[in-house]
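This is entry-v9.txt. It holds compact mmCIF, C-alpha atoms.
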```txt
# COMPACT_ATOMS: atom_id res chain seq x y z
CA MET A 136 -21.02 17.86 6.24
CA SER A 137 -23.88 15.76 4.83
CA ASN A 138 -23.26 12.64 2.79
CA GLN A 139 -24.28 14.49 -0.36
CA GLU A 140 -21.64 17.14 0.33
CA SER A 141 -18.93 14.64 1.30
CA SER A 142 -15.88 14.09 -0.83
CA THR A 143 -15.81 11.20 -3.29
CA VAL A 144 -14.26 8.07 -1.77
CA ILE A 145 -11.37 6.76 -3.88
CA LEU A 146 -10.49 3.10 -3.24
CA LEU A 147 -6.93 1.91 -3.98
CA HIS A 148 -6.31 -1.85 -3.89
CA GLY A 149 -3.21 -3.78 -2.88
CA TRP A 150 -0.48 -5.42 -4.96
CA GLY A 151 -1.84 -8.39 -6.90
CA GLY A 152 -5.39 -7.26 -6.22
CA VAL A 153 -8.05 -5.82 -8.50
CA ALA A 154 -10.58 -3.02 -8.27
CA PHE A 155 -13.37 -5.60 -7.88
CA SER A 156 -11.97 -6.52 -4.44
CA TRP A 157 -13.66 -3.36 -3.08
CA GLN A 158 -17.11 -4.35 -4.39
CA THR A 159 -18.76 -5.05 -1.02
CA ILE A 160 -17.39 -1.86 0.54
CA GLU A 161 -18.20 0.22 -2.52
CA GLN A 162 -21.80 -1.03 -2.55
CA ARG A 163 -22.24 -0.37 1.16
CA LEU A 164 -20.89 3.18 0.93
CA LYS A 165 -23.08 3.95 -2.07
CA GLN A 166 -26.13 2.62 -0.21
CA ILE A 167 -25.64 5.20 2.52
CA GLY A 168 -25.06 8.07 0.11
CA TYR A 169 -21.35 8.23 -0.66
CA GLN A 170 -19.94 8.54 -4.15
CA CYS A 171 -17.17 5.95 -4.69
CA LEU A 172 -14.62 5.01 -7.29
CA SER A 173 -12.37 1.94 -7.21
CA ILE A 174 -9.27 2.61 -9.31
CA ARG A 175 -8.05 0.07 -11.88
CA PHE A 176 -4.24 0.04 -11.99
CA PRO A 177 -1.89 -0.67 -14.91
CA GLY A 178 -0.27 -4.04 -14.35
CA PHE A 179 -3.32 -5.42 -12.53
CA ASP A 180 -6.72 -4.59 -14.05
CA LEU A 181 -5.09 -2.76 -16.96
CA PRO A 182 -2.11 -3.57 -19.23
CA GLN A 183 1.22 -3.13 -17.48
CA PRO A 184 3.25 0.05 -18.04
CA SER A 185 5.83 0.05 -20.84
CA GLU A 186 8.55 1.09 -18.40
CA PRO A 187 9.11 0.57 -14.67
CA TRP A 188 6.82 2.82 -12.63
CA GLY A 189 7.33 3.77 -9.03
CA VAL A 190 4.92 5.20 -6.47
CA PRO A 191 5.03 8.74 -7.99
CA GLU A 192 4.03 7.44 -11.42
CA TYR A 193 1.12 5.46 -10.00
CA ALA A 194 0.06 8.51 -7.99
CA ASP A 195 0.10 10.62 -11.16
CA PHE A 196 -1.97 7.95 -12.90
CA VAL A 197 -4.62 8.15 -10.16
CA LEU A 198 -4.78 11.95 -10.20
CA ASN A 199 -4.95 12.04 -14.01
CA ARG A 200 -7.75 9.50 -13.91
CA LEU A 201 -9.75 11.62 -11.47
CA GLU A 202 -9.19 14.70 -13.61
CA HIS A 203 -10.26 12.81 -16.74
CA LEU A 204 -13.49 11.79 -15.00
CA GLN A 205 -14.01 15.43 -13.97
CA LEU A 206 -14.46 14.52 -10.33
CA LYS A 207 -14.27 17.43 -7.94
CA PRO A 208 -11.52 17.42 -5.27
CA PRO A 209 -10.76 17.09 -2.47
CA PHE A 210 -11.21 13.32 -2.13
CA THR A 211 -11.24 10.72 0.61
CA PHE A 212 -8.54 8.18 -0.22
CA VAL A 213 -8.73 4.62 1.09
CA GLY A 214 -5.56 2.60 0.50
CA HIS A 215 -4.84 -1.04 1.23
CA SER A 216 -1.24 -2.33 1.17
CA PHE A 217 0.24 -1.11 -2.16
CA GLY A 218 -2.73 1.23 -2.53
CA GLY A 219 -1.78 2.70 0.84
CA ARG A 220 1.62 3.67 -0.56
CA ILE A 221 -0.08 5.67 -3.29
CA ALA A 222 -2.54 7.26 -0.87
CA ILE A 223 0.30 8.30 1.47
CA TYR A 224 2.28 9.83 -1.39
CA ILE A 225 -0.70 11.77 -2.76
CA SER A 226 -1.70 12.98 0.70
CA ALA A 227 1.82 14.28 1.39
CA THR A 228 2.59 15.81 -2.00
CA ARG A 229 -0.88 17.01 -3.04
CA PRO A 230 -2.68 17.94 0.18
CA ASP A 231 -5.11 20.07 -1.84
CA MET A 232 -6.51 16.84 -3.31
CA VAL A 233 -7.16 15.08 0.00
CA ASP A 234 -10.03 15.61 2.43
CA LYS A 235 -9.61 12.45 4.49
CA LEU A 236 -7.22 9.49 4.43
CA ILE A 237 -7.88 5.89 5.44
CA LEU A 238 -4.95 3.47 5.51
CA THR A 239 -5.77 -0.20 6.02
CA ASP A 240 -2.92 -2.69 6.48
CA SER A 241 -0.88 -0.28 4.39
CA ALA A 242 2.59 -0.77 2.98
CA GLY A 243 5.15 2.02 2.87
CA VAL A 244 7.10 1.55 6.09
CA GLU A 245 10.57 0.07 5.72
CA ASN A 246 10.91 -3.22 7.59
CA ARG A 247 14.60 -3.04 8.38
CA ARG A 248 14.91 -5.80 10.94
CA THR A 249 12.74 -8.72 9.88
CA PRO A 250 14.58 -12.07 10.16
CA LYS A 251 14.34 -12.59 6.40
CA LEU A 252 15.87 -9.21 5.60
CA LEU A 253 18.64 -9.67 8.14
CA PHE A 254 19.40 -13.14 6.75
CA VAL A 255 19.58 -11.90 3.16
CA SER A 256 21.60 -8.84 4.17
CA THR A 257 24.15 -10.95 6.04
CA LEU A 258 24.55 -13.40 3.16
CA SER A 259 24.94 -10.54 0.69
CA LYS A 260 27.80 -9.12 2.75
CA VAL A 261 29.49 -12.54 2.88
CA PHE A 262 29.17 -13.01 -0.88
CA LYS A 263 30.56 -9.52 -1.47
CA LYS A 264 33.66 -10.25 0.64
CA LEU A 265 34.27 -13.53 -1.20
CA ASP A 266 33.64 -12.02 -4.63
CA GLY A 267 36.57 -12.60 -6.96
CA VAL A 268 37.43 -16.08 -5.75
CA PRO A 269 36.67 -18.31 -8.80
CA VAL A 270 35.51 -21.43 -6.97
CA VAL A 271 33.51 -19.41 -4.46
CA ASN A 272 31.95 -17.38 -7.28
CA LYS A 273 30.52 -20.54 -8.90
CA ILE A 274 29.14 -21.75 -5.57
CA SER A 275 27.79 -18.35 -4.57
CA ARG A 276 25.87 -17.94 -7.83
CA SER A 277 24.11 -21.24 -7.22
CA LEU A 278 23.49 -20.38 -3.59
CA ARG A 279 22.06 -16.98 -4.52
CA LYS A 280 19.48 -18.65 -6.78
CA ILE A 281 18.51 -21.13 -4.06
CA ILE A 282 18.33 -18.47 -1.35
CA TRP A 283 16.27 -16.15 -3.54
CA ARG A 284 13.84 -18.99 -4.27
CA PHE A 285 13.20 -19.36 -0.54
CA THR A 286 13.24 -15.68 0.43
CA ALA A 287 11.56 -13.90 -2.49
CA SER A 288 8.05 -12.70 -1.78
CA PRO A 289 5.14 -14.36 -3.60
CA ASP A 290 4.36 -10.95 -5.12
CA TYR A 291 7.79 -10.92 -6.75
CA SER A 292 7.85 -14.60 -7.68
CA ASN A 293 4.45 -14.43 -9.38
CA ALA A 294 5.11 -11.18 -11.27
CA THR A 295 6.10 -10.66 -14.90
CA PRO A 296 9.62 -9.31 -15.54
CA MET A 297 8.26 -5.76 -15.94
CA MET A 298 6.14 -5.98 -12.79
CA ARG A 299 9.15 -7.31 -10.87
CA GLU A 300 11.07 -4.18 -11.83
CA ILE A 301 8.09 -2.07 -10.80
CA LEU A 302 7.80 -3.87 -7.47
CA LYS A 303 11.48 -3.29 -6.73
CA LYS A 304 11.09 0.41 -7.53
CA VAL A 305 7.91 0.71 -5.45
CA VAL A 306 9.40 -1.02 -2.41
CA ALA A 307 12.61 1.02 -2.62
CA LEU A 308 10.76 4.21 -1.66
CA ASN A 309 10.49 4.44 2.12
CA LEU A 310 7.45 6.64 2.70
CA GLU A 311 8.20 7.44 6.35
CA GLN A 312 9.84 10.67 5.22
CA TYR A 313 6.49 11.85 3.79
CA LEU A 314 4.36 11.24 6.88
CA PRO A 315 4.95 14.63 8.60
CA SER A 316 3.64 16.38 5.48
CA ILE A 317 0.21 14.75 5.71
CA CYS A 318 -2.35 17.15 7.13
CA ALA A 319 -5.58 15.33 6.20
CA ASP A 320 -7.70 13.77 8.93
CA THR A 321 -6.39 10.19 8.97
CA LEU A 322 -7.74 6.83 10.15
CA ILE A 323 -5.43 3.81 10.31
CA ILE A 324 -7.12 0.38 10.47
CA TRP A 325 -5.06 -2.75 11.05
CA GLY A 326 -5.43 -6.46 11.64
CA ASP A 327 -3.51 -7.54 14.73
CA GLN A 328 -2.53 -10.78 12.96
CA ASP A 329 -1.15 -9.06 9.85
CA GLU A 330 2.15 -10.75 8.95
CA VAL A 331 2.68 -8.92 5.66
CA THR A 332 2.65 -5.41 7.10
CA PRO A 333 2.89 -6.05 10.87
CA ILE A 334 1.26 -3.95 13.56
CA ARG A 335 4.61 -2.25 14.08
CA ASP A 336 4.08 -0.52 10.72
CA ALA A 337 0.69 0.79 11.85
CA LYS A 338 2.30 2.35 14.92
CA VAL A 339 4.98 4.01 12.77
CA LEU A 340 2.26 5.53 10.58
CA ASN A 341 0.27 6.59 13.63
CA ARG A 342 3.27 8.38 15.15
CA GLY A 343 4.31 9.93 11.86
CA ILE A 344 0.93 11.32 10.77
CA LYS A 345 -0.02 14.09 13.16
CA GLY A 346 -3.46 13.68 14.71
CA SER A 347 -4.11 10.28 13.12
CA SER A 348 -6.21 7.62 14.83
CA LEU A 349 -5.34 3.92 14.98
CA VAL A 350 -7.88 1.11 15.42
CA VAL A 351 -6.90 -2.55 15.57
CA ILE A 352 -9.19 -5.40 14.54
CA LYS A 353 -8.55 -8.51 16.61
CA GLY A 354 -8.13 -11.74 14.70
CA ALA A 355 -7.73 -10.00 11.35
CA GLY A 356 -4.77 -10.44 9.03
CA HIS A 357 -3.51 -8.42 6.08
CA HIS A 358 -6.97 -8.16 4.46
CA SER A 359 -8.98 -6.92 7.42
CA HIS A 360 -11.26 -4.95 5.06
CA ILE A 361 -12.38 -8.26 3.55
CA SER A 362 -12.19 -10.84 6.36
CA HIS A 363 -13.76 -8.50 8.96
CA VAL A 364 -15.68 -6.24 6.60
CA HIS A 365 -18.58 -5.44 8.96
CA GLU A 366 -16.35 -4.32 11.82
CA TRP A 367 -14.11 -2.52 9.34
CA MET A 368 -17.07 -0.69 7.82
CA ASN A 369 -18.30 0.45 11.23
CA TYR A 370 -15.00 2.21 11.88
CA VAL A 371 -14.93 3.75 8.41
CA ILE A 372 -18.51 5.04 8.46
CA HIS A 373 -18.01 6.61 11.88
CA PHE A 374 -14.83 8.30 10.61
CA LEU A 375 -16.45 9.55 7.41
CA ARG A 376 -19.40 11.04 9.30
CA LYS A 377 -17.26 13.01 11.77
```
Hey, can you dump this file as structure tokens for me?
Amino acid sequence: MSNQESSTVILLHGWGGVAFSWQTIEQRLKQIGYQCLSIRFPGFDLPQPSEPWGVPEYADFVLNRLEHLQLKPPFTFVGHSFGGRIAIYISATRPDMVDKLILTDSAGVENRRTPKLLFVSTLSKVFKKLDGVPVVNKISRSLRKIIWRFTASPDYSNATPMMREILKKVVALNLEQYLPSICADTLIIWGDQDEVTPIRDAKVLNRGIKGSSLVVIKGAGHHSHISHVHEWMNYVIHFLRK
């Protein structure tokens, strides 16, 4: 398939990001003949939704946007972090819309056993057992506020009340169940120093998506597509030209 016949590349940014974050990649892909579109999301580049959205609602927003622009499917979806969640969901539920899938430091895998989650889970169980004891209740309420201040993610802490509700809804959907339904040719690109979505997540995606390929960029963190853009682009261009 020539570049002119290739599917349009749809770029989906991460939580707290903006469409402009793809500028360098978008320009490079256009220079070599690919049509690209970086999606602007409600709550980031656009006004936040009037009610809490989850991954399905954001996926519908993307597909409606593409239809409004009269772009011809199927598409190549590139998703980073939060954008990866949306790309996974679309690829699994609307395979007719997806030609190729690129997941870079993507979210969507449930991190059940991180020290922070285990710590919070244990404390929650303790508070639940002590619930009903007046003195303990007063102490536990104060402790909960302190603990949350130290354990809440920056994404949550920096969000508006509506976006906090959206984040909770987004994170609550474990996308591992959708992976076997993805049939698009898939490339997974990861930074080996990613502490937000660790390399373990990449391996879960790789095992769950049949026929997918995993490449790891040494020295890169959660934004490998920005910090190591040249190496990242080499992998992507090779994949797109297959």
Taking (5.3, -2.7, 13.4) as a centre in this file's frame and 12 Å as the limit, can you find every polymer residue with an atom that close, using only C-alpha atoms, and give them as an mmCIF file with C-alpha atoms, in the coordinates of the input?
```
data_model
loop_
_atom_site.group_PDB
_atom_site.id
_atom_site.type_symbol
_atom_site.label_atom_id
_atom_site.label_comp_id
_atom_site.auth_asym_id
_atom_site.auth_seq_id
_atom_site.Cartn_x
_atom_site.Cartn_y
_atom_site.Cartn_z
ATOM 1 C CA ASP A 240 -2.920 -2.690 6.480
ATOM 2 C CA SER A 241 -0.880 -0.280 4.390
ATOM 3 C CA ALA A 242 2.590 -0.770 2.980
ATOM 4 C CA GLY A 243 5.150 2.020 2.870
ATOM 5 C CA VAL A 244 7.100 1.550 6.090
ATOM 6 C CA GLU A 245 10.570 0.070 5.720
ATOM 7 C CA ASN A 246 10.910 -3.220 7.590
ATOM 8 C CA ARG A 247 14.600 -3.040 8.380
ATOM 9 C CA ARG A 248 14.910 -5.800 10.940
ATOM 10 C CA THR A 249 12.740 -8.720 9.880
ATOM 11 C CA TRP A 325 -5.060 -2.750 11.050
ATOM 12 C CA GLY A 326 -5.430 -6.460 11.640
ATOM 13 C CA ASP A 327 -3.510 -7.540 14.730
ATOM 14 C CA GLN A 328 -2.530 -10.780 12.960
ATOM 15 C CA ASP A 329 -1.150 -9.060 9.850
ATOM 16 C CA GLU A 330 2.150 -10.750 8.950
ATOM 17 C CA VAL A 331 2.680 -8.920 5.660
ATOM 18 C CA THR A 332 2.650 -5.410 7.100
ATOM 19 C CA PRO A 333 2.890 -6.050 10.870
ATOM 20 C CA ILE A 334 1.260 -3.950 13.560
ATOM 21 C CA ARG A 335 4.610 -2.250 14.080
ATOM 22 C CA ASP A 336 4.080 -0.520 10.720
ATOM 23 C CA ALA A 337 0.690 0.790 11.850
ATOM 24 C CA LYS A 338 2.300 2.350 14.920
ATOM 25 C CA VAL A 339 4.980 4.010 12.770
ATOM 26 C CA LEU A 340 2.260 5.530 10.580
ATOM 27 C CA ASN A 341 0.270 6.590 13.630
ATOM 28 C CA ARG A 342 3.270 8.380 15.150
#
```
- Message: Env of Glu192 of chain A: 12 Å cut, atoms = only C-alpha atoms, seq-sep filter 4 positions within chain, self excluded. Answer as a PyMOL selection string.
- Response: chain A and resi 176-177+184+186-188+196-199+220-221+224-225+301+304-305
- Query: Could you state the separation of atom CA of Ile237 of chain A and atom CA of Glu300 of chain A in Å, given to one decimal place?
  - Reply: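 About the pair atom CA of Ile237 of chain A and atom CA of Glu300 of chain A: they are 27.5 Å apart.
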- Of the candidates A:Gln205, A:Ser173, A:Ser347, A:Ser216, which shows the shortest atom-to-atom distance to Ser359 of chain A, using all atoms listed in the file? A:Ser216
- Which residue out of A:Thr143, A:Thr295, A:Gln158, A:Ser185 has the minimum interatomic distance to Cys171 of chain A when all atoms listed in the file are used?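 Closest residue, counting all atoms listed in the file: A:Thr143.
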- atom CA of Gly214 of chain A and atom CA of Asp195 of chain A, how far apart in Å?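 Going from atom CA of Asp195 of chain A over to atom CA of Gly214 of chain A covers 15.2 Å.
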